[in-house]
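Asks: Below is one structure. I have some questions about it.
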Number of protein chains: 2
Amino acid sequence: MEIKKEVTIYDLAKELNYSPSTISRALNNHKSISKKTIKLVKQTAERVGYRPNNLAAGLRNNKSKTIGILIPHINRPFVSTLISGIEEAARKAGYNVLISQSYDDYKNEVNNAHTLYDSRISGLIVSLAMETTDFAHFQQFVDQGIPIVFVDRVPKVFNSYKVVIDNYSAGYKATKHLIEGGCKRIAHFAGSQHRNVYEERKKGYIDALKEYNLPIEKELIIPFKTLSFEEGKKVTKKLLEMKNPPDGIFSANDTAAVSAIICAKKMGVSIPEELAIIGFNDDPISSIVEPALSTMSHPALKMGKISAKRILDHSLKDLDKLLSEVSVLNTEVIARASTKPIS
Amino acid sequence: MEIKKEVTIYDLAKELNYSPSTISRALNNHKSISKKTIKLVKQTAERVGYRPNNLAAGLRNNKSKTIGILIPHINRPFVSTLISGIEEAARKAGYNVLISQSYDDYKNEVNNAHTLYDSRISGLIVSLAMETTDFAHFQQFVDQGIPIVFVDRVPKVFNSYKVVIDNYSAGYKATKHLIEGGCKRIAHFAGSQHRNVYEERKKGYIDALKEYNLPIEKELIIPFKTLSFEEGKKVTKKLLEMKNPPDGIFSANDTAAVSAIICAKKMGVSIPEELAIIGFNDDPISSIVEPALSTMSHPALKMGKISAKRILDHSLKDLDKLLSEVSVLNTEVIARASTKPIS
DNA sequence: AATTTTTACGCAATCGGTTGCATTAATAAA
DNA sequence: TTTATTAATGCAACCGATTGCGTAAAAATT
């Protein structure tokens, strides 16, 4: 199988008796090239099947029109929708999207950051691994003026773009929703306290309890490792076997919340009467489980689009300036059958 | 903000008094470079924070170590898991992964194929858009000897790598499962007949009916556009309002199947006694819905890994030769509560 | 008509690795 | 010791697009 020779701007130049510079400028709509020439060049390019070589352009510009994504796991509803939003915005702007998953492992995150850097991406979108506390692997991007957008799971200290929801407020709202439904003993399924999202949700939970003069009980605040289905079932079983079991659960994600519903039902505990449950994320399973899970909305698509936009707009900006813009999106309680109506 | 000068192999060359060629070869473990030199070069590279420029290497080699993915929608369980599998295998081999979604639109698919080509990917993994019937946009890859792996939704005619499940057999098994549970009138939620997956599932369905001497009734074979939740509800309602409603449904995906369960329950139809339902894919919702949905397994992660492997191994192969290998994976009935046990 | 400005384009260097073809030094074989 | 090999490295061209600077021709201005 012979490989066809690719057509380059040099071929176009020869064909049209122009210099490669003119071809290049014509293809990029450079203002110093006449409309007529531009049209001619583009038509010819189309006709002969010219395709630009991003690698060559990228090398020359020292940056490819590519956004890199570094997330824990692709195959989770929130993340895949986030990526979808990024991809859509990026593609509209003529950018490609590189993905990599850390599997919530710090070392993978470091390696992937380097690998993405090697492709001279023009921006990086990151959702941190569960236990990442050191951010040196992002420094090289900063050194090169490459914008970083942290999304959802963001560092507290690192100076950069951030796109988040108000997790504190969300935790507060979720807990308040349970309280207003009549819950007196509310357990919390908490994620890693290294991560802002889980730390803040927990704070919101605690402050809501305080607000309503409910006691904060250590044994009702369960630290999870991964907020998985299995973990959720185990924890729920233990909780319900307590002499004084909780009458409400605020879970930091839907997966664990759904497992709680299933476990509680199996144990004959009625939902929401004996145990009200609210989750987080509005995953597809949350509206399918029975009773349907009340949860907090999580605008994944929008967060993705905003993140991409931050990067796309970055080059237009005064450097130094707005490098640390934080976008905080709103979330709301999605009340369904797993919690009681406000009494 | 000043941008730090990046360190290149030329800097390493100067630092170590070697030529750039030697540095390059050392970094790539070329056999003609002494172990000592290799070690020295790599240590120095590490120390001074050298990072290779993929764009430069890619330009020279006319191919970047990158796998391109072209799928309809990222945020679907099957697809995001497929991507996860691809990403994992690719990264292990030092490859990056570019993603793009067609949104099941032919024109997007064409554009994205070109855009991915522009990045000189070393292989393309495609799951076709719903209505794609022309494959000219893939020709440029063939012309350049760039391997294409079609996965799940594959063309019938295009000569290329393919990774699929045996959809015919799966359709047959699913239908047989319903029949053996006692169903006599089985409806089928069918997808676009342009796509192998849906066409073959339907054939399997039909042949199973024939096998068991059940009549094939046109009005029970429902052509869906997108197999969405909304579509599923509408169709189910109509079906159940027939004078002679079906007692079983084989849906070509889980989304529509779950919607059927929910709709049937709402209408007071008992599942599986009056209506047995089996879906396809084993999406997370299928085990959460009540009654839990029987479905066909769909080895997304494995399909992803195999697809990536095809591309990674491609360069090792005799060209011309095995360019059209087809990998067919097995699927099984996952029997749950939405179908009756074999009688 | 002479001068200035604008328009439209070309020249050539550059981005950072890679690699075929030397070349030199070191080792082995004769 | 001489010659043949082998090992280790350097030279220089190349990949394809971009862009600062220069220039000729056309248009505008005086």
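Letters A, B, ... mark the chains of the structure tokens in the order given; residue numbers begin at 1 per chain; ligand numbers begin at 1, in order shown.
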Looking only at strand (DSSP E or B) from DSSP on the backbone, list the matching residues of segment 89-143 of chain B as an NGL selection string.

Replies: :B and (96-101 or 123-126)

Asks: Can you list, as number ranges by chain, every protein, DNA or RNA residue that comes within 6 Å of segment 55-61 of chain A when you count only C-alpha atoms (C1' of nucleotides), leaving out same-chain residues fewer than 4 positions away?

Replies: B: 55-56, 59; C: 15; D: 16-17

Asks: Please, which residues in chain B fall within 12 Å of chain C when counting only C-alpha atoms (C1' of nucleotides), and what is the closest atom pair and distance in Å to one decimal for each, ordered by chain then residue number, as JSON lines?

Replies:
{"residue": "B:Glu6", "atom": "CA", "partner": "C:DG16", "partner_atom": "C1'", "distance": 10.6}
{"residue": "B:Val7", "atom": "CA", "partner": "C:DG16", "partner_atom": "C1'", "distance": 10.0}
{"residue": "B:Thr8", "atom": "CA", "partner": "C:DG16", "partner_atom": "C1'", "distance": 6.9}
{"residue": "B:Ile9", "atom": "CA", "partner": "C:DG16", "partner_atom": "C1'", "distance": 7.7}
{"residue": "B:Tyr10", "atom": "CA", "partner": "C:DG16", "partner_atom": "C1'", "distance": 8.4}
{"residue": "B:Asp11", "atom": "CA", "partner": "C:DG16", "partner_atom": "C1'", "distance": 10.9}
{"residue": "B:Pro20", "atom": "CA", "partner": "C:DG17", "partner_atom": "C1'", "distance": 8.7}
{"residue": "B:Ser21", "atom": "CA", "partner": "C:DT18", "partner_atom": "C1'", "distance": 7.7}
{"residue": "B:Thr22", "atom": "CA", "partner": "C:DT18", "partner_atom": "C1'", "distance": 10.6}
{"residue": "B:Ile23", "atom": "CA", "partner": "C:DG17", "partner_atom": "C1'", "distance": 10.0}
{"residue": "B:Ser24", "atom": "CA", "partner": "C:DG17", "partner_atom": "C1'", "distance": 7.2}
{"residue": "B:Arg25", "atom": "CA", "partner": "C:DT18", "partner_atom": "C1'", "distance": 8.6}
{"residue": "B:Leu27", "atom": "CA", "partner": "C:DG17", "partner_atom": "C1'", "distance": 11.0}
{"residue": "B:Asn28", "atom": "CA", "partner": "C:DT18", "partner_atom": "C1'", "distance": 10.5}
{"residue": "B:His30", "atom": "CA", "partner": "C:DT19", "partner_atom": "C1'", "distance": 11.5}
{"residue": "B:Arg51", "atom": "CA", "partner": "C:DG16", "partner_atom": "C1'", "distance": 11.1}
{"residue": "B:Pro52", "atom": "CA", "partner": "C:DG17", "partner_atom": "C1'", "distance": 8.4}
{"residue": "B:Asn53", "atom": "CA", "partner": "C:DG16", "partner_atom": "C1'", "distance": 6.7}
{"residue": "B:Asn54", "atom": "CA", "partner": "C:DG17", "partner_atom": "C1'", "distance": 8.5}
{"residue": "B:Leu55", "atom": "CA", "partner": "C:DG16", "partner_atom": "C1'", "distance": 8.2}
{"residue": "B:Ala56", "atom": "CA", "partner": "C:DG16", "partner_atom": "C1'", "distance": 5.0}
{"residue": "B:Ala57", "atom": "CA", "partner": "C:DG17", "partner_atom": "C1'", "distance": 4.9}
{"residue": "B:Gly58", "atom": "CA", "partner": "C:DG17", "partner_atom": "C1'", "distance": 8.5}
{"residue": "B:Leu59", "atom": "CA", "partner": "C:DG17", "partner_atom": "C1'", "distance": 8.5}
{"residue": "B:Arg60", "atom": "CA", "partner": "C:DT18", "partner_atom": "C1'", "distance": 6.3}
{"residue": "B:Asn61", "atom": "CA", "partner": "C:DT18", "partner_atom": "C1'", "distance": 7.5}
{"residue": "B:Asn62", "atom": "CA", "partner": "C:DT18", "partner_atom": "C1'", "distance": 10.9}

Asks: Write out the residues from the selection above, keeping N, CA and C atoms, as a PDB file, in the first residue's frame.

Replies:
ATOM      1  N   GLU B   6      11.868  27.632  27.455  1.00  0.00           N
ATOM      2  CA  GLU B   6      11.792  26.190  27.584  1.00  0.00           C
ATOM      3  C   GLU B   6      13.149  25.563  27.290  1.00  0.00           C
ATOM      4  N   VAL B   7      13.422  24.447  27.927  1.00  0.00           N
ATOM      5  CA  VAL B   7      14.692  23.777  27.652  1.00  0.00           C
ATOM      6  C   VAL B   7      14.485  22.719  26.571  1.00  0.00           C
ATOM      7  N   THR B   8      15.369  22.747  25.586  1.00  0.00           N
ATOM      8  CA  THR B   8      15.273  21.854  24.438  1.00  0.00           C
ATOM      9  C   THR B   8      16.465  20.903  24.421  1.00  0.00           C
ATOM     10  N   ILE B   9      16.453  20.026  23.469  1.00  0.00           N
ATOM     11  CA  ILE B   9      17.595  19.113  23.380  1.00  0.00           C
ATOM     12  C   ILE B   9      18.871  19.878  23.029  1.00  0.00           C
ATOM     13  N   TYR B  10      18.729  21.060  22.454  1.00  0.00           N
ATOM     14  CA  TYR B  10      19.902  21.864  22.131  1.00  0.00           C
ATOM     15  C   TYR B  10      20.560  22.380  23.417  1.00  0.00           C
ATOM     16  N   ASP B  11      19.715  22.735  24.355  1.00  0.00           N
ATOM     17  CA  ASP B  11      20.245  23.185  25.649  1.00  0.00           C
ATOM     18  C   ASP B  11      20.970  22.044  26.343  1.00  0.00           C
ATOM     19  N   PRO B  20      23.032  17.559  19.381  1.00  0.00           N
ATOM     20  CA  PRO B  20      21.599  17.329  19.559  1.00  0.00           C
ATOM     21  C   PRO B  20      21.188  15.927  19.132  1.00  0.00           C
ATOM     22  N   SER B  21      21.827  15.403  18.105  1.00  0.00           N
ATOM     23  CA  SER B  21      21.462  14.049  17.654  1.00  0.00           C
ATOM     24  C   SER B  21      21.683  13.042  18.757  1.00  0.00           C
ATOM     25  N   THR B  22      22.793  13.188  19.426  1.00  0.00           N
ATOM     26  CA  THR B  22      23.089  12.245  20.500  1.00  0.00           C
ATOM     27  C   THR B  22      22.073  12.374  21.626  1.00  0.00           C
ATOM     28  N   ILE B  23      21.741  13.600  21.940  1.00  0.00           N
ATOM     29  CA  ILE B  23      20.724  13.806  22.979  1.00  0.00           C
ATOM     30  C   ILE B  23      19.421  13.136  22.579  1.00  0.00           C
ATOM     31  N   SER B  24      19.023  13.401  21.358  1.00  0.00           N
ATOM     32  CA  SER B  24      17.774  12.825  20.876  1.00  0.00           C
ATOM     33  C   SER B  24      17.814  11.304  20.961  1.00  0.00           C
ATOM     34  N   ARG B  25      18.911  10.753  20.488  1.00  0.00           N
ATOM     35  CA  ARG B  25      19.013   9.289  20.495  1.00  0.00           C
ATOM     36  C   ARG B  25      19.062   8.754  21.925  1.00  0.00           C
ATOM     37  N   LEU B  27      17.715  10.014  24.560  1.00  0.00           N
ATOM     38  CA  LEU B  27      16.385  10.084  25.160  1.00  0.00           C
ATOM     39  C   LEU B  27      15.482   8.979  24.628  1.00  0.00           C
ATOM     40  N   ASN B  28      15.779   8.505  23.429  1.00  0.00           N
ATOM     41  CA  ASN B  28      14.958   7.453  22.840  1.00  0.00           C
ATOM     42  C   ASN B  28      15.600   6.073  22.962  1.00  0.00           C
ATOM     43  N   HIS B  30      18.334   4.872  21.924  1.00  0.00           N
ATOM     44  CA  HIS B  30      18.876   4.333  20.671  1.00  0.00           C
ATOM     45  C   HIS B  30      20.058   3.432  20.994  1.00  0.00           C
ATOM     46  N   ARG B  51      11.379  18.857  28.892  1.00  0.00           N
ATOM     47  CA  ARG B  51      10.142  18.194  28.494  1.00  0.00           C
ATOM     48  C   ARG B  51      10.122  18.125  26.977  1.00  0.00           C
ATOM     49  N   PRO B  52       9.930  16.932  26.423  1.00  0.00           N
ATOM     50  CA  PRO B  52       9.942  16.806  24.965  1.00  0.00           C
ATOM     51  C   PRO B  52       8.821  17.602  24.320  1.00  0.00           C
ATOM     52  N   ASN B  53       9.036  18.012  23.120  1.00  0.00           N
ATOM     53  CA  ASN B  53       8.000  18.736  22.379  1.00  0.00           C
ATOM     54  C   ASN B  53       7.374  17.787  21.357  1.00  0.00           C
ATOM     55  N   ASN B  54       6.198  17.304  21.707  1.00  0.00           N
ATOM     56  CA  ASN B  54       5.523  16.340  20.833  1.00  0.00           C
ATOM     57  C   ASN B  54       5.242  16.909  19.452  1.00  0.00           C
ATOM     58  N   LEU B  55       5.063  18.205  19.409  1.00  0.00           N
ATOM     59  CA  LEU B  55       4.731  18.806  18.120  1.00  0.00           C
ATOM     60  C   LEU B  55       5.921  18.699  17.173  1.00  0.00           C
ATOM     61  N   ALA B  56       7.091  18.974  17.717  1.00  0.00           N
ATOM     62  CA  ALA B  56       8.290  18.907  16.884  1.00  0.00           C
ATOM     63  C   ALA B  56       8.531  17.469  16.412  1.00  0.00           C
ATOM     64  N   ALA B  57       8.474  16.559  17.358  1.00  0.00           N
ATOM     65  CA  ALA B  57       8.692  15.155  16.997  1.00  0.00           C
ATOM     66  C   ALA B  57       7.631  14.697  16.005  1.00  0.00           C
ATOM     67  N   GLY B  58       6.394  15.092  16.286  1.00  0.00           N
ATOM     68  CA  GLY B  58       5.298  14.690  15.418  1.00  0.00           C
ATOM     69  C   GLY B  58       5.460  15.240  14.014  1.00  0.00           C
ATOM     70  N   LEU B  59       5.896  16.462  13.936  1.00  0.00           N
ATOM     71  CA  LEU B  59       6.081  17.067  12.619  1.00  0.00           C
ATOM     72  C   LEU B  59       7.109  16.283  11.820  1.00  0.00           C
ATOM     73  N   ARG B  60       8.203  16.005  12.479  1.00  0.00           N
ATOM     74  CA  ARG B  60       9.266  15.296  11.795  1.00  0.00           C
ATOM     75  C   ARG B  60       8.800  13.896  11.351  1.00  0.00           C
ATOM     76  N   ASN B  61       8.096  13.227  12.211  1.00  0.00           N
ATOM     77  CA  ASN B  61       7.652  11.862  11.905  1.00  0.00           C
ATOM     78  C   ASN B  61       6.354  11.817  11.115  1.00  0.00           C
ATOM     79  N   ASN B  62       5.811  12.985  10.911  1.00  0.00           N
ATOM     80  CA  ASN B  62       4.485  13.091  10.302  1.00  0.00           C
ATOM     81  C   ASN B  62       3.446  12.227  11.011  1.00  0.00           C
TER      82      ASN B  62
END

Asks: For chain B versus chain A, which residues have an atom no more than 6 Å away, and what is each residue's nearest atom pair and distance in Å rounded to one decimal, using only C-alpha atoms, chain-then-number order, as a Markdown table?

Replies:
| residue | atom | partner | partner_atom | distance |
| --- | --- | --- | --- | --- |
| B:Ile3 | CA | A:Gln144 | CA | 5.0 |
| B:Lys4 | CA | A:Asp143 | CA | 5.7 |
| B:Pro52 | CA | A:Asp118 | CA | 5.8 |
| B:Asn53 | CA | A:Asp118 | CA | 5.3 |
| B:Asn54 | CA | A:Ser119 | CA | 5.1 |
| B:Leu55 | CA | A:Leu55 | CA | 5.0 |
| B:Ala56 | CA | A:Leu59 | CA | 5.7 |
| B:Leu59 | CA | A:Leu55 | CA | 5.4 |
| B:Ile74 | CA | A:Ser84 | CA | 5.9 |
| B:Asn75 | CA | A:Ser80 | CA | 4.7 |
| B:Ser80 | CA | A:Asn75 | CA | 4.7 |
| B:Thr81 | CA | A:Asn75 | CA | 5.1 |
| B:Ser84 | CA | A:Ile74 | CA | 5.9 |
| B:Val97 | CA | A:Leu98 | CA | 5.5 |
| B:Leu98 | CA | A:Leu98 | CA | 4.5 |
| B:Ile99 | CA | A:Val97 | CA | 5.9 |
| B:Asp118 | CA | A:Asn53 | CA | 5.3 |
| B:Ser119 | CA | A:Asn54 | CA | 5.1 |
| B:Asp143 | CA | A:Lys4 | CA | 5.7 |
| B:Gln144 | CA | A:Ile3 | CA | 5.0 |
| B:Ile285 | CA | A:Ile285 | CA | 5.2 |
| B:Ile288 | CA | A:Val289 | CA | 5.5 |
| B:Val289 | CA | A:Val289 | CA | 5.5 |

Asks: Please write the residues from the selection above to a file, keeping N, CA, C and O atoms, as a PDB file, in the first residue's frame.

Replies:
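Written file, part_24.pdb:
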ATOM      1  N   ILE B   3       7.607  34.730  30.396  1.00  0.00           N
ATOM      2  CA  ILE B   3       7.503  33.312  30.138  1.00  0.00           C
ATOM      3  C   ILE B   3       8.882  32.700  30.130  1.00  0.00           C
ATOM      4  O   ILE B   3       9.768  33.162  29.434  1.00  0.00           O
ATOM      5  N   LYS B   4       9.029  31.675  30.940  1.00  0.00           N
ATOM      6  CA  LYS B   4      10.339  31.025  31.037  1.00  0.00           C
ATOM      7  C   LYS B   4      10.723  30.406  29.705  1.00  0.00           C
ATOM      8  O   LYS B   4       9.892  29.844  29.014  1.00  0.00           O
ATOM      9  N   PRO B  52       9.930  16.932  26.423  1.00  0.00           N
ATOM     10  CA  PRO B  52       9.942  16.806  24.965  1.00  0.00           C
ATOM     11  C   PRO B  52       8.821  17.602  24.320  1.00  0.00           C
ATOM     12  O   PRO B  52       7.787  17.828  24.944  1.00  0.00           O
ATOM     13  N   ASN B  53       9.036  18.012  23.120  1.00  0.00           N
ATOM     14  CA  ASN B  53       8.000  18.736  22.379  1.00  0.00           C
ATOM     15  C   ASN B  53       7.374  17.787  21.357  1.00  0.00           C
ATOM     16  O   ASN B  53       7.949  17.514  20.310  1.00  0.00           O
ATOM     17  N   ASN B  54       6.198  17.304  21.707  1.00  0.00           N
ATOM     18  CA  ASN B  54       5.523  16.340  20.833  1.00  0.00           C
ATOM     19  C   ASN B  54       5.242  16.909  19.452  1.00  0.00           C
ATOM     20  O   ASN B  54       5.158  16.177  18.470  1.00  0.00           O
ATOM     21  N   LEU B  55       5.063  18.205  19.409  1.00  0.00           N
ATOM     22  CA  LEU B  55       4.731  18.806  18.120  1.00  0.00           C
ATOM     23  C   LEU B  55       5.921  18.699  17.173  1.00  0.00           C
ATOM     24  O   LEU B  55       5.771  18.366  15.998  1.00  0.00           O
ATOM     25  N   ALA B  56       7.091  18.974  17.717  1.00  0.00           N
ATOM     26  CA  ALA B  56       8.290  18.907  16.884  1.00  0.00           C
ATOM     27  C   ALA B  56       8.531  17.469  16.412  1.00  0.00           C
ATOM     28  O   ALA B  56       8.757  17.217  15.228  1.00  0.00           O
ATOM     29  N   LEU B  59       5.896  16.462  13.936  1.00  0.00           N
ATOM     30  CA  LEU B  59       6.081  17.067  12.619  1.00  0.00           C
ATOM     31  C   LEU B  59       7.109  16.283  11.820  1.00  0.00           C
ATOM     32  O   LEU B  59       6.897  15.927  10.670  1.00  0.00           O
ATOM     33  N   ILE B  74     -20.419  11.683  24.251  1.00  0.00           N
ATOM     34  CA  ILE B  74     -19.521  11.231  25.303  1.00  0.00           C
ATOM     35  C   ILE B  74     -20.296  10.769  26.527  1.00  0.00           C
ATOM     36  O   ILE B  74     -19.985   9.755  27.134  1.00  0.00           O
ATOM     37  N   ASN B  75     -21.316  11.533  26.880  1.00  0.00           N
ATOM     38  CA  ASN B  75     -21.960  11.298  28.167  1.00  0.00           C
ATOM     39  C   ASN B  75     -23.048  10.236  28.117  1.00  0.00           C
ATOM     40  O   ASN B  75     -24.193  10.490  28.444  1.00  0.00           O
ATOM     41  N   SER B  80     -18.750   6.444  27.486  1.00  0.00           N
ATOM     42  CA  SER B  80     -17.721   6.981  28.375  1.00  0.00           C
ATOM     43  C   SER B  80     -16.854   5.859  28.937  1.00  0.00           C
ATOM     44  O   SER B  80     -15.662   6.037  29.156  1.00  0.00           O
ATOM     45  N   THR B  81     -17.445   4.692  29.094  1.00  0.00           N
ATOM     46  CA  THR B  81     -16.634   3.558  29.550  1.00  0.00           C
ATOM     47  C   THR B  81     -15.723   3.068  28.428  1.00  0.00           C
ATOM     48  O   THR B  81     -14.568   2.705  28.653  1.00  0.00           O
ATOM     49  N   SER B  84     -12.913   5.354  28.370  1.00  0.00           N
ATOM     50  CA  SER B  84     -12.046   5.081  29.505  1.00  0.00           C
ATOM     51  C   SER B  84     -11.087   3.937  29.180  1.00  0.00           C
ATOM     52  O   SER B  84      -9.897   3.995  29.484  1.00  0.00           O
ATOM     53  N   VAL B  97      -4.898  10.921  23.808  1.00  0.00           N
ATOM     54  CA  VAL B  97      -6.218  10.620  23.255  1.00  0.00           C
ATOM     55  C   VAL B  97      -6.989  11.899  22.968  1.00  0.00           C
ATOM     56  O   VAL B  97      -7.209  12.717  23.855  1.00  0.00           O
ATOM     57  N   LEU B  98      -7.366  12.055  21.721  1.00  0.00           N
ATOM     58  CA  LEU B  98      -8.188  13.195  21.311  1.00  0.00           C
ATOM     59  C   LEU B  98      -9.617  12.730  21.164  1.00  0.00           C
ATOM     60  O   LEU B  98      -9.868  11.685  20.562  1.00  0.00           O
ATOM     61  N   ILE B  99     -10.556  13.505  21.689  1.00  0.00           N
ATOM     62  CA  ILE B  99     -11.949  13.085  21.544  1.00  0.00           C
ATOM     63  C   ILE B  99     -12.767  14.095  20.751  1.00  0.00           C
ATOM     64  O   ILE B  99     -12.461  15.282  20.711  1.00  0.00           O
ATOM     65  N   ASP B 118      -6.142  16.514  10.884  1.00  0.00           N
ATOM     66  CA  ASP B 118      -5.222  17.656  10.898  1.00  0.00           C
ATOM     67  C   ASP B 118      -4.204  17.561  12.036  1.00  0.00           C
ATOM     68  O   ASP B 118      -3.141  18.169  11.977  1.00  0.00           O
ATOM     69  N   SER B 119      -4.549  16.813  13.065  1.00  0.00           N
ATOM     70  CA  SER B 119      -3.611  16.642  14.167  1.00  0.00           C
ATOM     71  C   SER B 119      -2.693  15.457  13.940  1.00  0.00           C
ATOM     72  O   SER B 119      -1.935  15.075  14.825  1.00  0.00           O
ATOM     73  N   ASP B 143      -5.654   6.534   2.922  1.00  0.00           N
ATOM     74  CA  ASP B 143      -4.621   6.983   1.979  1.00  0.00           C
ATOM     75  C   ASP B 143      -3.274   7.186   2.660  1.00  0.00           C
ATOM     76  O   ASP B 143      -2.224   7.067   2.037  1.00  0.00           O
ATOM     77  N   GLN B 144      -3.316   7.534   3.911  1.00  0.00           N
ATOM     78  CA  GLN B 144      -2.078   7.800   4.635  1.00  0.00           C
ATOM     79  C   GLN B 144      -1.624   6.623   5.483  1.00  0.00           C
ATOM     80  O   GLN B 144      -0.709   6.748   6.299  1.00  0.00           O
ATOM     81  N   ILE B 285     -28.527   2.500  35.241  1.00  0.00           N
ATOM     82  CA  ILE B 285     -29.944   2.601  35.602  1.00  0.00           C
ATOM     83  C   ILE B 285     -30.648   1.259  35.567  1.00  0.00           C
ATOM     84  O   ILE B 285     -31.631   1.058  36.269  1.00  0.00           O
ATOM     85  N   ILE B 288     -30.915  -0.334  38.830  1.00  0.00           N
ATOM     86  CA  ILE B 288     -31.518   0.503  39.864  1.00  0.00           C
ATOM     87  C   ILE B 288     -33.045   0.553  39.736  1.00  0.00           C
ATOM     88  O   ILE B 288     -33.768   0.602  40.725  1.00  0.00           O
ATOM     89  N   VAL B 289     -33.498   0.528  38.506  1.00  0.00           N
ATOM     90  CA  VAL B 289     -34.950   0.613  38.287  1.00  0.00           C
ATOM     91  C   VAL B 289     -35.650  -0.574  38.954  1.00  0.00           C
ATOM     92  O   VAL B 289     -35.044  -1.622  39.188  1.00  0.00           O
TER      93      VAL B 289
END

Asks: Report the closest atom pair, with its distance in Å rounded to one decimal, for each residue of chain D that has an atom no farther than 10 Å from chain B; count only C-alpha atoms (C1' of nucleotides), sort by chain and then rising residue number, and write it as CSV.

Replies:
residue,atom,partner,partner_atom,distance
D:DA7,C1',B:Ser32,CA,7.1
D:DA8,C1',B:Ile33,CA,6.0
D:DT9,C1',B:Thr22,CA,6.6
D:DG10,C1',B:Ser19,CA,6.2
D:DC11,C1',B:Ser19,CA,9.2
D:DC14,C1',B:Arg60,CA,7.5
D:DC15,C1',B:Arg60,CA,4.3
D:DG16,C1',B:Leu59,CA,7.5

Asks: Create the file for the chosen residues now, containing C-alpha atoms (C1' of nucleotides) and written as an mmCIF file, in the first residue's frame.

Replies:
data_model
loop_
_atom_site.group_PDB
_atom_site.id
_atom_site.type_symbol
_atom_site.label_atom_id
_atom_site.label_comp_id
_atom_site.auth_asym_id
_atom_site.auth_seq_id
_atom_site.Cartn_x
_atom_site.Cartn_y
_atom_site.Cartn_z
ATOM 1 C "C1'" DA D 7 30.934 1.301 19.086
ATOM 2 C "C1'" DA D 8 29.819 6.039 19.867
ATOM 3 C "C1'" DT D 9 28.952 10.252 18.182
ATOM 4 C "C1'" DG D 10 28.505 14.479 14.883
ATOM 5 C "C1'" DC D 11 26.763 16.915 10.542
ATOM 6 C "C1'" DC D 14 14.216 17.840 6.833
ATOM 7 C "C1'" DC D 15 9.184 17.988 8.504
ATOM 8 C "C1'" DG D 16 5.222 22.237 7.229
#

Asks: Within 9 Å of Val48 of chain A, counting only C-alpha atoms (C1' of nucleotides), which residues qualify if same-chain residues fewer than 4 places away don't, as number ranges by chain?

Replies: A: 7, 12, 43-44

Asks: Could you give me, as a ChimeraX atom specification, the residues within 7 Å of Ile277 of chain A, counting only C-alpha atoms (C1' of nucleotides) and dropping anything in the same chain fewer than 6 positions from it?

Replies: /A:248-250,257,294,338-339

Asks: With a distance cut-off of 12 Å and only C-alpha atoms (C1' of nucleotides), select the neighbouring residues of Phe135 of chain A, excluding the residue or stretch itself and same-chain residues fewer than 4 positions from it, and output the selection as a list in words.

Replies: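 After dropping sequence-adjacent residues, the list is Tyr106, Lys107, Glu109, Val110, Ala113, Val126, Leu128, Ala129, Glu131, Gln139, Gln140, Phe141, Val142, Ile148, Phe150, Val154, Pro155, Lys156, Val157, Phe158, Asn159 and Ser160 of chain A.
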
Asks: Can you pull out every residue from segment 95-334 of chain B that DSSP, working from the backbone, puts in helix (DSSP H, G or I), and format the result as a ChimeraX atom specification?

Replies: /B:106-118,136-143,167-180,196-211,218-220,229-240,254-266,284-288,300-314

Asks: For Ala256 of chain A, please output as a PyMOL selection string all residues within 9 Å (counting only C-alpha atoms (C1' of nucleotides); exclusion window: fewer than 5 positions along the same chain).

Replies: chain A and resi 189+227-233+251+261+279

Asks: To one decimal place in Å, what is the distance between atom CA of Ser169 of chain B and atom CA of Ile311 of chain B?

Replies: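 That distance, rounded to one decimal, is 26.9 Å.
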
Asks: Excluding Ser327 of chain A and its own-chain neighbours fewer than 3 positions away, which residues fall within 12 Å of it when counting only C-alpha atoms (C1' of nucleotides)? Please give them as a count of residues only.

Replies: 23

Asks: I'd like the interatomic distance between atom CA of Lys184 of chain A and atom CA of Pro341 of chain A, to a tenth of an Å.

Replies: 14.7 Å

Asks: If I take atom CA of Pro245 of chain A and atom CA of Asn167 of chain A, how far is one from the other in Å, to one decimal?

Replies: 26.3 Å
